[in-house]
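Written out below as structure tokens is the structure these notes cover.
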Amino acid sequence: MSTKTITKIYLFLVFLHLLTVQLRSCNIFEGSWIFDESYPIYDSLQCPFIDQGLNCIKNGRKDNFYLKYRWQPTDCDLPRFNGEDFLKNFKGKKFMFVGDSLSNNQWQSLACMLHAAVPNSNYTFDRTRNRSVLSFPEFEFTITFLKDGFLVDLVIEEAGRVLKLDSLSRTEQWKGVDVLIFNSYHWWIHTGRLQTWDYFQVGDKLYKEMDHMEAYKIALTTWANWVDSNIDPVVTKVFFQGISAVHYYGKDWDEPMVKDSSGQTKPIEGSTYPGERYAGEAVVKSVLSNMTMPVNLLDITLLTQLRKDGHPSRIVSGASMDCSHWCVAGVPDAWNELLYTILLQK
């Protein structure tokens, strides 16, 4: 090993030590969005992995201020995301995002961040209805998105669509992965025609009605018990993507005359959100706190609440209003910067 290589390794280890010391006393999820002319860190028009509805520039969004903001924790600085270093550090590893469309939002962001870092590196990409797989053979690295919005089972039976809160049948796909990032929330708050189940089931008993947050807690506990029983923390790191904000009503951020996120071009200033917290936040934190397996919460709620400007809204005429998903490039890039920061410490 050359002296130059040894020096580079030494400097990197020093950097990691200083980073760990700094972040130990810093909540990286508390902060504000600051304007940064060097952002975005990739061009969405050059990324082939983005769903049509999320590529806001391609869809004709005229303003680009929303691309120019960087998440800044109050008490520390985040390391600049380096996609090539990411791929080198995790050579031979498998990452998997499991959850709903917000999980897919984050997967697409990370796919673009990595592709932009090594644009000349060959890749393979395979997408089916419920699964997307991107591999970089040069780095023997794979990131997968697996659609599974409830995590627990939803099955069609004679009674109708049954959401089985204590049943998991697709977990074999979660095994053999080095980093797992789970997510589940938005499907649980659906009602009326948006609700995708007819009954809840616990054990042998069917329930036509149940408090949705109570059902959510039972289901998350089922998931948590599986993780505790089946995941070796030495082999696999587990994350849970926190609750991502929606911006359908201006009154939620003290602008009652504003209908929704359309036309919003800048974040809410400062580091506090005037609206209410989400009921699911307490559920997630309660379940994670009772697990024996260390699970990292990507607590993205505040940083997304402040970004009323980051949604696709209704750019394309005739499209439905979307104030829950996020433009790519955009806000989910910060989620991956936070993921990167936590992984560097480990």
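Chain labels A, B, ... are given in the sequence in which chains occur in the structure tokens; within each chain residues are numbered consecutively from 1, and ligands are likewise numbered from 1 in the order shown.
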**Message:** To test your reading of the structure, identify every residue in range 66-264 of chain A that backbone DSSP assigns to helix (DSSP H, G or I), and report it as a ChimeraX atom specification.
**Reply:** /A:66-68,83-89,101-117,137-139,171-174,186-189,192-194,212-230,250-253
Pick out the residues sitting within 10 Å of range 169-172 of chain A, and hand them over as a PDB file with C-alpha atoms, in the first residue's frame; count only C-alpha atoms, and ignore anything fewer than 4 positions along from it in its own chain.
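Below is the file result_0.pdb, written as the result:
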```
ATOM      1  CA  ASP A 148     -45.486  -2.781   0.220  1.00  0.00           C
ATOM      2  CA  LEU A 151     -45.961  -3.978   5.402  1.00  0.00           C
ATOM      3  CA  VAL A 152     -48.569  -6.416   6.801  1.00  0.00           C
ATOM      4  CA  ASP A 153     -50.803  -8.529   4.534  1.00  0.00           C
ATOM      5  CA  LEU A 154     -53.768  -7.279   2.528  1.00  0.00           C
ATOM      6  CA  GLY A 176     -30.062 -11.051   2.651  1.00  0.00           C
ATOM      7  CA  TRP A 223     -43.341  -5.662  11.698  1.00  0.00           C
ATOM      8  CA  TRP A 226     -40.331  -9.726  12.829  1.00  0.00           C
ATOM      9  CA  VAL A 227     -37.306  -7.411  12.650  1.00  0.00           C
ATOM     10  CA  ASN A 230     -35.016 -12.164  12.107  1.00  0.00           C
TER      11      ASN A 230
END
```
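Using only C-alpha atoms, the smallest distance between any of A:Tyr207, A:Phe49, A:Tyr248, A:Phe90 and Gln108 in chain A comes from A:Phe49.
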**Asked** Leaving out Asp299 in chain A and any residue of its chain fewer than 5 positions from it, which residues lie within 9 Å of it when counting only C-alpha atoms, given as JSON, numbers by chain?
**Response** {"A": [29, 240, 241, 242, 243, 244, 281, 335]}
Using 9 Å as the limit and counting only C-alpha atoms, can you tabulate each residue of range 187-288 of chain A that touches range 56-73 of chain A, with its shortest atom-to-atom distance in Å and the two atoms involved, as a tab-separated table?
```
residue	atom	partner	partner_atom	distance
A:Gln264	CA	A:Tyr66	CA	9.0
A:Thr265	CA	A:Tyr66	CA	6.1
A:Lys266	CA	A:Tyr66	CA	6.2
A:Pro267	CA	A:Tyr66	CA	7.7
```
Write the residues of the preceding selection, restricted to C-alpha atoms, as a JSON list (two decimals), in the first residue's frame.
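Done, and the output landed in again.json:
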```
[["chain", "number", "residue", "atom", "x", "y", "z"],
["A", 264, "GLN", "CA", -45.66, 27.82, -3.72],
["A", 265, "THR", "CA", -42.05, 28.65, -4.57],
["A", 266, "LYS", "CA", -40.23, 28.95, -1.22],
["A", 267, "PRO", "CA", -40.03, 27.00, 2.04]]
```
**Request:** For CA of Leu87 in chain A and CA of Lys237 in chain A, quote the distance in Å rounded to one decimal.
**Result:** 16.4 Å
**Item:** Shell around His190 in chain A at 12 Å using only C-alpha atoms, local window under 4 positions removed, as a VMD selection string
**Value:** chain A and resid 149 to 150 185 to 186 194 to 198 211 to 213 216
**Complete:** Ser286 in chain A proximity check over A:Gly250, A:Pro79, A:Thr221, A:Ser167, using only C-alpha atoms: winner is A:Thr221
**Message:** DSSP on the backbone: which residues in range 178-340 of chain A end up as strand (DSSP E)? Give the answer as a PyMOL selection string.
**Reply:** chain A and resi 179-182+199-202+205-207+237-241+295-298
**Asked** What is the CA of Gln305 in chain A-CA of Ser32 in chain A distance in Å, reported with one decimal?
**Response** 10.7 Å
**Message:** Residues near Gln106 in chain A, anyone? I mean within 8 Å using only C-alpha atoms, not counting same-chain ones fewer than 6 positions away, as a VMD selection string.
**Reply:** chain A and resid 332 to 333 335 to 336
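When only C-alpha atoms are used to compute distances to Trp174 in chain A, the closest of the residues A:Asp126, A:Thr341, A:Ser262, A:Phe97 turns out to be A:Phe97.
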**Message:** Can you tell me which residues surround Cys327 in chain A at a distance of at most 7 Å, considering only C-alpha atoms, apart from same-chain residues fewer than 6 positions away, and format the answer as a VMD selection string?
**Reply:** chain A and resid 54 to 56 310 to 312
Would you output that residue set with N, CA and C atoms, as a tab-separated table (two decimals), in the first residue's frame?
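Just written: part09.tsv:
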```tsv
chain	number	residue	atom	x	y	z
A	54	LEU	N	-43.19	12.90	-11.14
A	54	LEU	CA	-42.30	13.51	-10.15
A	54	LEU	C	-41.20	14.34	-10.80
A	55	ASN	N	-41.04	14.24	-12.11
A	55	ASN	CA	-39.99	15.00	-12.79
A	55	ASN	C	-40.53	16.39	-13.13
A	56	CYS	N	-40.55	17.24	-12.13
A	56	CYS	CA	-41.29	18.51	-12.24
A	56	CYS	C	-40.71	19.44	-13.31
A	310	GLY	N	-42.32	22.09	-2.40
A	310	GLY	CA	-41.57	21.00	-3.03
A	310	GLY	C	-42.39	19.94	-3.73
A	311	HIS	N	-43.71	20.10	-3.80
A	311	HIS	CA	-44.58	19.07	-4.37
A	311	HIS	C	-44.79	19.25	-5.87
A	312	PRO	N	-45.17	18.18	-6.57
A	312	PRO	CA	-45.53	18.32	-7.98
A	312	PRO	C	-46.76	19.20	-8.18
```
**Fill in**
Across A:Arg193, A:Arg24, A:Lys308, A:Lys94, the smallest distance to Lys259 in chain A, with only C-alpha atoms counted, is shown by A:Lys308
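Here CA of Asp36 in chain A stands at a distance of 12.7 Å from CA of Gly330 in chain A.
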Near-Lys208 in chain A list (9 Å; only C-alpha atoms; drop same-chain fewer than 5 positions) as a JSON list (two decimals) with C-alpha atoms, in the first residue's frame:
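Ended up saving to part30.json:
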```json
[["chain", "number", "residue", "atom", "x", "y", "z"],
["A", 198, "ASP", "CA", -62.97, -3.53, 3.87],
["A", 199, "TYR", "CA", -62.00, -5.20, 7.15],
["A", 200, "PHE", "CA", -59.21, -5.33, 9.69],
["A", 201, "GLN", "CA", -58.29, -8.72, 11.08]]
```
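In this comparison, which uses only C-alpha atoms, the residue of A:Thr236, A:Thr74, A:Gln46, A:Thr124 approaching Ala329 in chain A most closely is A:Gln46.
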